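What follows is a set of notes on a single structure, which appears directly below.
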Amino acid sequence: MGRWLDFESNPWGQEVLQGVSLELMYLAIGLAVLFVVGHLVWYRSRGFSEHEKTADIQGSVAGIPERIVRHTLPSRIFHWTMGASMLVLLITAFVPLLGLEFAWVTIHWIAGAVLILTIIYHVIHSILWQDFWSMMSFNVREAIGHFRHLLSSKSTEPEKPGKYPFDHRMYHQGIVVVSLAAIVTGVLMTLRIKTPFWEPNAYYPLVDQAISGLNELGEPAITVLPGEATGFVFVIHGIAGVALIVMVAAHIYFAIRPDKRYYLWGMIRGWIDRKQYLAHFDPDKWSVVDGTIQESPPGGAIADSTVSAPRVDD
Amino acid sequence: MAIIRDMIPAFELFQPTTVEDALALMAEHGEGGWVLAGGLDSYDWFKDRIKRPEAVIDLGGIDELKGIIDGQDGLEIGAMTTLTEIVRHERVRSEYILLADAAEHVATPQIRNQGTLGGNISQDTRCWYYRSGWACYRAGGNTCYAAAPQAMNREHAITGTSRCVAVNPSDTAPALVALDAKMTVRGRRSSNVYDAEDFFIGPATDITRMTVLEPGDLLTQIDIPSEWANAHFYYEKVRDRGSWDFQLVSVAAAFKTSGNTIDDARIAVNGVAPFPVRLDAVERLVKGAAVDEALAIEAGEIAIQGSRPLKHNEYKQPMMSNLVRRAVRSVA
Amino acid sequence: MAEKIIGTDIAPQDLVAKITGRAKYAEDFRADGMVFAKLLLSPMPHARVRGVDTTKALAMPGVIDILRADEVRQIEGRPGEASLTDEPLYEGQPILAVAAETEEQAAAAIEEIEVDFEPLPFVLDPLDSLRPNGPNAYTGGNRFGGGEFSELKWTDADFEEIEAGRMPNGEAAVEWTKGDIDTAFSESDLVLEESIVHQSLTHHPMETRSAMMYWENGKLHAFVSTQSAQRTKYAIAGTLNIDPEDVILVAEYCGGGFGSKISGNTHMEVPAVFSRKIGRPVMLRITRYEENYIGRARPGFQSWLKMGFLDDGTCNAIDLYIVQESGPFGAGDFNTAGMIADLVYTPQNMRFRGIAMYTNTPPKAAQRGPGGAQIVIMMEPILEKAARQLGLDRLEVHLKNAPDADVGFGPRNSTLTSVYAKEALEKGAEIFDWAGKQELSGRREGSKVTGIGIGLSPYTAGSRGYDGLMVIHPDGKLYVHQGLGNLGTHSIMDTARPAAEILNLNWDQVELVWGDSSRGMPRSSVQAGSQTTHAHSRANHAAGMDARAKVLEVAAQTLGGSPSNYDMDNGRVFRRGGGASMTFAQVAERAIELGGRYDGHELPDNIHATTVPAANMLAGQGLMGVARDNYGGSGGVYSWVAGFALVELDEETGVVDIKEYVAVTDCGTVLHPRSLGAQVLGGSIQGMGQAMTQRWVFDPKWGVPFANRLYTARPPGILDVPLDMKADAVGIPDPQTPVGAKGIGEPPVGAGGAAVTSAVADAMGGHCLCRTPLTPDIILAELEGLSQPFTLEQHIG
């Protein structure tokens, strides 16, 4: 493994950042594989069940419907659109680097544009129509509990979560940061290529432009190496990109894990059943008990039309 | 590290006499090897110390790559045949004058004596940002300096761009596309034949190459099928000065005609994209049509549809349009 | 009877050597122990060197030493060029030099040197520097005067004009007027106003400015490429601050200079100082790429022009404003341009304003017809437009406005020795068949339109007061010592002709001594400003007269009688009417016996001090003719060329094909017709290139030039030249010079360029594109109604 960053000479012969090196991509792929394998080993070593836990329903289930809406249709459309665009972005970004040549740039930026639109939609939707804090909350005690559980087999299992368990929230926060970094830098990079919306501009006015300041002699000087800002943008985009390889791989891995299957079903069908609800979630934290909820919605129908929670916590 | 130009650094020179040996040497040296044909593109790079191969494999001693053979179906031209030989070849002149015309528009007599057909079509772009050794996309960097709003891009592309806006500089390339030539590319273990228009690739596919040739690949032969022999041809190249100059825009066209009706056509333009552009839409328009000025004008208009100029090359749209118009008009 | 020499075609003495490749140019010389130097060039247009790490380079095989800026002469306190610098003012300015056993080693060592550059703000276009808050070429400002830098900026309102495509009339640095332009414009029947851009363009002579030098016994042996010889020796001595007699200059041939190597060049200092430092001969071979940077360029103009005409075609007022792109060290073209505008069109009312702005582009210098070529190339299309609007024949308009011998022009109302511009126009019109060609103007064949044009171009063509030095040796031959450079114009040969004629010698009895200062060079003019034919036909005339008088005296003293009883022919001096005679060989021997003034042991008092060492060196070798040109004269010496061009403009491609060209010159007596033709047509072709093809391109973001090589700079090639070209001369001697000959190097450039720009304007129906070069993109954009890609603020690109 060589250096993680690539440097190039700008037209004035000064060494400036160019981007992340190809090795970082291989590293990310390696990390993704390691993570999955590592998790499998850890999971086995801790003797956890490969199967989904189910609740032994005892006591009152009054007011808890048979099917609990986990993700409304708009939410699911958002999720899958975003996921698809993310996959397209990753494939168009990295597959050509692995040697399979195709015209990827246009597909990449269009997928990026789709991603941005879905995120804008998601942000508005989650702020106005969803319980924003159900995803954004953070609790130190809960975090400590989780890490203890992760590291020590003697620790007690963390408390059952509300609608979004701790790791989901952390993942979400992480992906928000990484995606935003990728998106902001991606937009800056797209400004440099031809699209139907603008003419390409290789330089970032105000950023990459040779900025005049004063040197130590009090004379006007060029303080930012031309081309340097471009390099930073590429580095951030590159790091975000390879981070996304790992994060998306982990996401997919957990999504298809048999013990977490209820999440996948929730995201496909929109609902989970009462047993799953009671087995994995704390009804105090994720309350679905409300007079408006119907028992046993018509079989098989996706619950959106028939079930609505008071706080539609997706 | 300071920059110095105009001084060729030392390299190891190999002068194989067979294609097999050349391929073996290319495989041996991989990315560090450089295939030298006439040298007119190569030495420029070496002189500027921008491309610094460790080994140069000179094809000049491989006789099997030289000369023009009357094949069963048209002409078989060795990739190392000089442009002068092509210009002077009797059958090229009598049946495929389009190619002779195009070859004769290359640079100067001295350069045509030295330059080869294979080299002419495989040469790198002349974008001066790239040729100045700037770390542009094509050079493996992350910028197209030529597409910037204030950039000097009068010579650059109006279509077919993808991040890189450089143009293909070859005079013979559009003629070979119009003649439906076939390029034989040999690797150590494989041999592929490409249609001329597929031989050239754009930056969307691979931004660092202009042709399908990858390290280890050798263009050995260019076949001109008899399909288009003795067609009505049109070639024109517009350049800033009359010699030793690359095209601003060039057009090469082949028409099969009956009277002034076009039965079939192949039209290619160069200097407008990173690869010679075949004008399928124009070909469809003119096929079966009787040529008059209205058709020629329409052909010219269709030719530039979808093109988009950079700051300094809007003129290429009317220039390309007019050249296509003239090509169609020439049939009447 | 000895042959007629003046006005005949005689192959120059250096022809065979040049054609066979035996001629040795600077880079062909070798010396024992010679090493090669390579230059490290600045990668940025304006910077300061903060530090240099040469450790790795010095440790490389073959590397001998490194020469830095503090070891060469620096100009302090004002904008001035040093051969090496730590504050580069243009991309490509040499920072340091490396010497190594081989050139490859030196180049490799350059790559291992780490230079820490601090980039500084830079400016490429003078208008950018005039913008409020625009960058300056120097950290101290954009103007220099009175010993300090200052800032001159135009106003925002001025720049609103520029955005509207008009040149503003911001504050000027130079202004002169004559007459009353306001009244004159108000009385004019036609007033035209244009904004015009003329590009900067490199000199790119065929031979780059290579030099090899070594020191031996305290003397510097310098092998250089230079336009001048004797004056270059003094320039080198001046730079190194050594006795000129300690410089042995060898410069037998020069592959062109066009004004860029007038008395050598700044960078000759590098091998001189470096070889002194390391004690070995140093060869500095300049490559084409380096020549692009250090090889000088013609300044570009951004200009505003207003011309007023009367009904009869009289140009009665000119208001001209020129902003000049001057590079980092300045240039004077714009002032000359103002004077030439006045001279060609003789308005009685004129205002000239101009400002030369420093820029961070490679240095500017005189280029063949500096200022004059630009202005006529810019103005002739406007004359074409005026004539068309007034319904007049352009030839008539020219004839009406062209000056006569009594002309007074420019800010000091300068006068001239002679003017036969009208004769040149008339003769040219006749050869070109201007009257007949009128019918072709505007003729359309397919997409091609024909245009015809005239360019009238004057330029300085002489100077006075130099020395001639020649010796008749005991071999009977006349050895003419020339201190000129051998620039390829043949003037180094042809200016010896008057001496041969005065002595009634055949040309094969004349030997030319040139190119090596150790063989004796008299005080000479620089080979620039087209001076040499005039200056040295006079100097050699004077020395020839001196030799003739001495030959007659020697004959009289030897054979009896008085000198007036004798005459000479074919290398013999003889008593008129028959009788005793002597060969020149005998005369030479006798002169040596006589000594004193006859063999150069006594020299005239009035010759230049710098001729004396050369004459002393030759004293005692034979009969010496040595004299200063004291013929005198008043007024400037100008030659003229009237150029006529026929072009075909392809309206579908914007391509201009120059089909015919005729040039007729007023350069006084013709010394050498074939060489004159080469000068007139060669210069015209250079002008055509300037008008049509040659360009320089800079990336505005990085401030670095492209088009650095001959193929991208695009000087005209053989296929850009009309097949049908004719040159001729008026042939009327200049009355103020004994031979009657004036120089011719420079005026053809403007004539060739202007005839073509004016013909293009004609083909476009009297439309002035007002921009050079007129490449197909510019023309096609105009014809297709597209916006012009290049703006007023891009004198380059």
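Note on naming: chains are A, B, ... as they come in the structure tokens, residues start from 1 per chain, ligands start from 1 in the order shown.
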> Please, which residues of chain A lie no more than 6 Å from chain B when the count uses only C-alpha atoms, and can they be set out as a VMD selection string?
Replying inline: chain A and resid 11 101 to 103 193 201 to 202
>> Distance limit 12 Å, atoms considered: only C-alpha atoms. Which chain C residues sit that close to chain A? Return them as a ChimeraX atom specification.
In response: /C:41-48,50,90-92,111,114-122,133-141,699-705
Could the residues in this selection be written to a file with C-alpha atoms, as a CSV table (one decimal), in the first residue's frame?
chain,number,residue,atom,x,y,z
C,41,LEU,CA,12.9,28.8,-16.2
C,42,SER,CA,10.2,30.3,-14.0
C,43,PRO,CA,7.0,28.3,-14.1
C,44,MET,CA,4.9,31.2,-13.1
C,45,PRO,CA,4.3,34.7,-14.6
C,46,HIS,CA,5.3,36.6,-11.5
C,47,ALA,CA,7.0,35.2,-8.4
C,48,ARG,CA,9.7,35.6,-5.9
C,50,ARG,CA,12.2,32.2,-1.5
C,90,TYR,CA,7.1,36.3,-16.8
C,91,GLU,CA,6.7,32.6,-17.2
C,92,GLY,CA,9.9,31.3,-18.7
C,111,GLU,CA,14.8,18.6,-12.7
C,114,GLU,CA,13.8,22.5,-5.8
C,115,VAL,CA,12.9,26.1,-6.1
C,116,ASP,CA,10.5,27.5,-3.6
C,117,PHE,CA,8.5,30.1,-5.5
C,118,GLU,CA,6.2,32.6,-3.9
C,119,PRO,CA,3.6,33.4,-6.6
C,120,LEU,CA,2.8,37.0,-6.9
C,121,PRO,CA,-0.2,38.7,-8.6
C,122,PHE,CA,0.3,39.0,-12.4
C,133,ASN,CA,-8.3,47.3,-8.5
C,134,GLY,CA,-6.7,45.4,-11.4
C,135,PRO,CA,-3.5,43.6,-10.9
C,136,ASN,CA,-0.1,45.2,-11.5
C,137,ALA,CA,2.9,43.7,-13.3
C,138,TYR,CA,5.2,44.8,-10.5
C,139,THR,CA,4.5,44.7,-6.8
C,140,GLY,CA,5.2,48.4,-6.7
C,141,GLY,CA,2.7,49.4,-9.4
C,699,ASP,CA,-4.1,31.0,-20.4
C,700,PRO,CA,-5.5,33.9,-18.4
C,701,LYS,CA,-5.9,31.9,-15.2
C,702,TRP,CA,-2.3,30.8,-15.0
C,703,GLY,CA,-0.6,33.5,-17.1
C,704,VAL,CA,1.4,31.1,-19.2
C,705,PRO,CA,1.7,31.1,-22.9
> Running DSSP on the backbone, which parts of segment 58-99 of chain B land in helix (DSSP H, G or I), as a ChimeraX atom specification?
Replying inline: /B:59-61,63-65,83-88,90-95,97-99
Output file for the selection above: N, CA and C atoms, as a PDB file, in the first residue's frame:
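Result file follows (part_22.pdb):
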ATOM      1  N   LEU B  59       9.086   0.447 -34.368  1.00  0.00           N
ATOM      2  CA  LEU B  59       8.513  -0.496 -35.334  1.00  0.00           C
ATOM      3  C   LEU B  59       9.135  -0.334 -36.722  1.00  0.00           C
ATOM      4  N   GLY B  60      10.052   0.617 -36.846  1.00  0.00           N
ATOM      5  CA  GLY B  60      10.596   0.955 -38.168  1.00  0.00           C
ATOM      6  C   GLY B  60      11.285  -0.191 -38.878  1.00  0.00           C
ATOM      7  N   GLY B  61      11.702  -1.208 -38.145  1.00  0.00           N
ATOM      8  CA  GLY B  61      12.420  -2.298 -38.798  1.00  0.00           C
ATOM      9  C   GLY B  61      11.533  -3.502 -39.118  1.00  0.00           C
ATOM     10  N   ASP B  63       9.317  -5.122 -41.470  1.00  0.00           N
ATOM     11  CA  ASP B  63       8.878  -4.979 -42.862  1.00  0.00           C
ATOM     12  C   ASP B  63       7.440  -5.433 -43.073  1.00  0.00           C
ATOM     13  N   GLU B  64       7.018  -6.405 -42.279  1.00  0.00           N
ATOM     14  CA  GLU B  64       5.657  -6.934 -42.492  1.00  0.00           C
ATOM     15  C   GLU B  64       4.578  -5.889 -42.165  1.00  0.00           C
ATOM     16  N   LEU B  65       4.979  -4.806 -41.502  1.00  0.00           N
ATOM     17  CA  LEU B  65       3.997  -3.762 -41.194  1.00  0.00           C
ATOM     18  C   LEU B  65       3.967  -2.677 -42.257  1.00  0.00           C
ATOM     19  N   LEU B  83       2.773   7.980 -45.003  1.00  0.00           N
ATOM     20  CA  LEU B  83       1.690   8.757 -45.608  1.00  0.00           C
ATOM     21  C   LEU B  83       2.040   9.105 -47.052  1.00  0.00           C
ATOM     22  N   THR B  84       3.311   9.326 -47.310  1.00  0.00           N
ATOM     23  CA  THR B  84       3.723   9.628 -48.685  1.00  0.00           C
ATOM     24  C   THR B  84       3.423   8.446 -49.603  1.00  0.00           C
ATOM     25  N   GLU B  85       3.713   7.231 -49.113  1.00  0.00           N
ATOM     26  CA  GLU B  85       3.404   6.050 -49.940  1.00  0.00           C
ATOM     27  C   GLU B  85       1.914   5.977 -50.243  1.00  0.00           C
ATOM     28  N   ILE B  86       1.111   6.328 -49.258  1.00  0.00           N
ATOM     29  CA  ILE B  86      -0.333   6.274 -49.461  1.00  0.00           C
ATOM     30  C   ILE B  86      -0.762   7.322 -50.479  1.00  0.00           C
ATOM     31  N   VAL B  87      -0.182   8.504 -50.327  1.00  0.00           N
ATOM     32  CA  VAL B  87      -0.527   9.584 -51.257  1.00  0.00           C
ATOM     33  C   VAL B  87      -0.179   9.181 -52.684  1.00  0.00           C
ATOM     34  N   ARG B  88       0.927   8.456 -52.846  1.00  0.00           N
ATOM     35  CA  ARG B  88       1.418   8.152 -54.196  1.00  0.00           C
ATOM     36  C   ARG B  88       0.910   6.820 -54.741  1.00  0.00           C
ATOM     37  N   GLU B  90      -0.861   4.005 -56.517  1.00  0.00           N
ATOM     38  CA  GLU B  90      -1.716   4.110 -57.699  1.00  0.00           C
ATOM     39  C   GLU B  90      -3.170   3.723 -57.423  1.00  0.00           C
ATOM     40  N   ARG B  91      -3.338   2.600 -56.726  1.00  0.00           N
ATOM     41  CA  ARG B  91      -4.712   2.145 -56.518  1.00  0.00           C
ATOM     42  C   ARG B  91      -5.432   3.002 -55.469  1.00  0.00           C
ATOM     43  N   VAL B  92      -4.679   3.471 -54.502  1.00  0.00           N
ATOM     44  CA  VAL B  92      -5.309   4.397 -53.552  1.00  0.00           C
ATOM     45  C   VAL B  92      -5.798   5.623 -54.321  1.00  0.00           C
ATOM     46  N   ARG B  93      -4.975   6.081 -55.213  1.00  0.00           N
ATOM     47  CA  ARG B  93      -5.344   7.289 -55.965  1.00  0.00           C
ATOM     48  C   ARG B  93      -6.505   7.025 -56.916  1.00  0.00           C
ATOM     49  N   SER B  94      -6.518   5.847 -57.520  1.00  0.00           N
ATOM     50  CA  SER B  94      -7.570   5.619 -58.516  1.00  0.00           C
ATOM     51  C   SER B  94      -8.892   5.205 -57.876  1.00  0.00           C
ATOM     52  N   GLU B  95      -8.839   4.471 -56.773  1.00  0.00           N
ATOM     53  CA  GLU B  95     -10.099   3.937 -56.231  1.00  0.00           C
ATOM     54  C   GLU B  95     -10.523   4.550 -54.898  1.00  0.00           C
ATOM     55  N   ILE B  97      -9.403   7.768 -53.555  1.00  0.00           N
ATOM     56  CA  ILE B  97      -8.718   9.058 -53.542  1.00  0.00           C
ATOM     57  C   ILE B  97      -8.993   9.815 -52.233  1.00  0.00           C
ATOM     58  N   LEU B  98     -10.100   9.492 -51.604  1.00  0.00           N
ATOM     59  CA  LEU B  98     -10.423  10.129 -50.322  1.00  0.00           C
ATOM     60  C   LEU B  98      -9.269   9.959 -49.334  1.00  0.00           C
ATOM     61  N   LEU B  99      -8.721   8.752 -49.288  1.00  0.00           N
ATOM     62  CA  LEU B  99      -7.638   8.484 -48.344  1.00  0.00           C
ATOM     63  C   LEU B  99      -6.364   9.222 -48.754  1.00  0.00           C
TER      64      LEU B  99
END
Give me the residues of chain C that have any atom at most 7 Å from an atom of chain B; for each, the nearest atom pair and the distance in Å, rounded to one decimal. Use only C-alpha atoms, sort by chain and number, and format it as a Markdown table.
| residue | atom | partner | partner_atom | distance |
| --- | --- | --- | --- | --- |
| C:Leu40 | CA | B:Ile4 | CA | 6.8 |
| C:Glu104 | CA | B:Pro9 | CA | 6.8 |
| C:Ala107 | CA | B:Ile4 | CA | 6.7 |
| C:Ile110 | CA | B:Ala2 | CA | 6.2 |
| C:Glu111 | CA | B:Ala2 | CA | 4.7 |
| C:Glu112 | CA | B:Met1 | CA | 5.5 |
| C:Ile113 | CA | B:Met1 | CA | 5.8 |
| C:Glu114 | CA | B:Met1 | CA | 5.2 |
| C:Val115 | CA | B:Ala2 | CA | 6.9 |
| C:Thr287 | CA | B:Asp6 | CA | 6.4 |
| C:Tyr289 | CA | B:Asp6 | CA | 6.6 |
| C:Glu652 | CA | B:Asn322 | CA | 5.7 |
| C:Thr653 | CA | B:Met319 | CA | 5.6 |
| C:Thr693 | CA | B:Asp240 | CA | 6.2 |
| C:Asp699 | CA | B:Ala151 | CA | 6.0 |
| C:Pro700 | CA | B:Gln150 | CA | 6.6 |
| C:Phe706 | CA | B:Trp128 | CA | 6.6 |
| C:Tyr711 | CA | B:Trp244 | CA | 6.4 |
| C:Pro716 | CA | B:Arg241 | CA | 6.8 |
| C:Gly717 | CA | B:Ser243 | CA | 6.2 |
| C:Leu719 | CA | B:Gly242 | CA | 4.8 |
| C:Asp720 | CA | B:Gly242 | CA | 5.3 |
| C:Thr775 | CA | B:Asp240 | CA | 6.1 |
| C:Pro776 | CA | B:Asp240 | CA | 6.6 |
| C:Asp777 | CA | B:Tyr315 | CA | 5.5 |
| C:Leu780 | CA | B:Tyr315 | CA | 6.3 |
| C:Ala781 | CA | B:Tyr315 | CA | 5.4 |
| C:Pro789 | CA | B:His312 | CA | 4.9 |
| C:Gly797 | CA | B:Met152 | CA | 6.7 |
Using N, CA and C atoms, can you write the selected residues to a file as a CSV table (one decimal), in the first residue's frame?
chain,number,residue,atom,x,y,z
C,40,LEU,N,17.1,27.0,-15.9
C,40,LEU,CA,15.8,26.7,-15.2
C,40,LEU,C,14.9,27.9,-15.3
C,104,GLU,N,22.5,16.5,-21.5
C,104,GLU,CA,21.5,15.6,-20.9
C,104,GLU,C,21.6,15.7,-19.4
C,107,ALA,N,20.3,18.9,-18.1
C,107,ALA,CA,18.8,18.9,-18.1
C,107,ALA,C,18.3,18.1,-16.9
C,110,ILE,N,18.6,20.0,-13.7
C,110,ILE,CA,17.6,21.0,-13.5
C,110,ILE,C,16.3,20.4,-12.8
C,111,GLU,N,16.0,19.2,-13.3
C,111,GLU,CA,14.8,18.6,-12.7
C,111,GLU,C,14.9,18.2,-11.2
C,112,GLU,N,16.1,18.2,-10.8
C,112,GLU,CA,16.3,17.8,-9.4
C,112,GLU,C,16.5,19.0,-8.5
C,113,ILE,N,16.4,20.2,-9.0
C,113,ILE,CA,16.5,21.4,-8.2
C,113,ILE,C,15.1,21.8,-7.7
C,114,GLU,N,15.1,22.0,-6.4
C,114,GLU,CA,13.8,22.5,-5.8
C,114,GLU,C,13.9,24.0,-5.6
C,115,VAL,N,13.0,24.6,-6.3
C,115,VAL,CA,12.9,26.1,-6.1
C,115,VAL,C,11.6,26.4,-5.4
C,287,THR,N,16.8,26.3,-26.8
C,287,THR,CA,15.9,25.5,-27.6
C,287,THR,C,14.8,26.4,-28.1
C,289,TYR,N,11.7,26.1,-27.5
C,289,TYR,CA,10.8,26.3,-26.4
C,289,TYR,C,11.3,27.5,-25.5
C,652,GLU,N,-17.8,30.3,-46.6
C,652,GLU,CA,-18.3,29.2,-45.8
C,652,GLU,C,-17.3,28.7,-44.8
C,653,THR,N,-16.0,29.0,-45.0
C,653,THR,CA,-15.0,28.5,-44.0
C,653,THR,C,-14.3,29.7,-43.3
C,693,THR,N,-2.0,34.7,-39.7
C,693,THR,CA,-1.9,33.4,-39.1
C,693,THR,C,-1.2,33.4,-37.7
C,699,ASP,N,-3.0,31.3,-21.3
C,699,ASP,CA,-4.1,31.0,-20.4
C,699,ASP,C,-4.2,32.1,-19.3
C,700,PRO,N,-5.4,32.8,-19.3
C,700,PRO,CA,-5.5,33.9,-18.4
C,700,PRO,C,-5.5,33.5,-16.9
C,706,PHE,N,0.8,29.5,-24.5
C,706,PHE,CA,0.9,28.3,-25.3
C,706,PHE,C,1.4,28.8,-26.7
C,711,TYR,N,5.1,25.3,-34.8
C,711,TYR,CA,3.9,24.8,-35.4
C,711,TYR,C,2.6,25.4,-34.8
C,716,PRO,N,3.8,32.2,-41.3
C,716,PRO,CA,3.3,31.6,-42.6
C,716,PRO,C,4.2,30.6,-43.2
C,717,GLY,N,3.6,29.6,-43.8
C,717,GLY,CA,4.4,28.6,-44.5
C,717,GLY,C,4.3,28.8,-46.0
C,719,LEU,N,2.7,27.4,-48.3
C,719,LEU,CA,1.4,27.3,-48.9
C,719,LEU,C,0.5,28.5,-48.5
C,720,ASP,N,1.0,29.4,-47.7
C,720,ASP,CA,0.3,30.6,-47.3
C,720,ASP,C,0.7,31.8,-48.2
C,775,THR,N,-7.8,35.1,-38.5
C,775,THR,CA,-7.9,33.6,-38.7
C,775,THR,C,-9.4,33.3,-39.1
C,776,PRO,N,-9.5,32.0,-39.6
C,776,PRO,CA,-10.9,31.7,-40.1
C,776,PRO,C,-12.0,31.8,-39.1
C,777,ASP,N,-11.6,31.5,-37.8
C,777,ASP,CA,-12.7,31.6,-36.8
C,777,ASP,C,-13.2,33.0,-36.6
C,780,LEU,N,-15.2,33.8,-39.9
C,780,LEU,CA,-16.5,33.1,-40.0
C,780,LEU,C,-17.5,33.5,-39.0
C,781,ALA,N,-17.0,33.8,-37.7
C,781,ALA,CA,-17.9,34.3,-36.7
C,781,ALA,C,-18.6,35.6,-37.2
C,789,PRO,N,-15.5,35.8,-30.6
C,789,PRO,CA,-15.0,35.1,-29.4
C,789,PRO,C,-14.0,35.8,-28.6
C,797,GLY,N,-4.5,35.5,-27.7
C,797,GLY,CA,-5.5,34.5,-27.6
C,797,GLY,C,-6.2,34.3,-28.9
> Could you name the residues that touch Thr211 of chain B at 8 Å or less, counting only C-alpha atoms, but leaving out those on the same chain fewer than 3 positions away, as a list in words?
Replying inline: Ser122, Phe199, Phe200, Ile201 and Gly202 of chain B
>> Would you pick out the contacts of Gly288 of chain B at 7 Å or less, using only C-alpha atoms, so that residues sharing its chain but fewer than 4 positions from it are not included, and give the list as a count of residues only?
In response: 3
> If you count only C-alpha atoms, which residues fall within 7 Å of segment 242-247 of chain A, apart from same-chain ones fewer than 4 positions away, as a PyMOL selection string?
Replying inline: chain A and resi 24-25+28-29+31-32+238+251
Filtering to C-alpha atoms, could you give me those residues as an mmCIF file, in the first residue's frame?
data_model
loop_
_atom_site.group_PDB
_atom_site.id
_atom_site.type_symbol
_atom_site.label_atom_id
_atom_site.label_comp_id
_atom_site.auth_asym_id
_atom_site.auth_seq_id
_atom_site.Cartn_x
_atom_site.Cartn_y
_atom_site.Cartn_z
ATOM 1 C CA LEU A 24 -7.966 3.693 -0.602
ATOM 2 C CA MET A 25 -10.715 2.085 -2.623
ATOM 3 C CA ALA A 28 -12.405 0.233 1.744
ATOM 4 C CA ILE A 29 -13.418 -2.898 -0.076
ATOM 5 C CA LEU A 31 -12.562 -3.134 5.272
ATOM 6 C CA ALA A 32 -16.085 -3.914 4.139
ATOM 7 C CA GLY A 238 -12.941 10.397 -2.359
ATOM 8 C CA HIS A 251 -26.025 -1.647 5.718
#
> For Asp605 of chain C, which residue among C:Arg497, C:Arg351, C:Lys178, C:Arg628 is the nearest when counting only C-alpha atoms?
Replying inline: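 Using only C-alpha atoms, the shortest distance to Asp605 of chain C belongs to C:Arg628.
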>> Taking only segment 66-300 of chain A into account, list the residues labelled strand (DSSP E or B) by DSSP (computed from the backbone), as a VMD selection string.
In response: chain A and resid 67 to 69 195 198 212 to 214 220 to 222 271 to 273
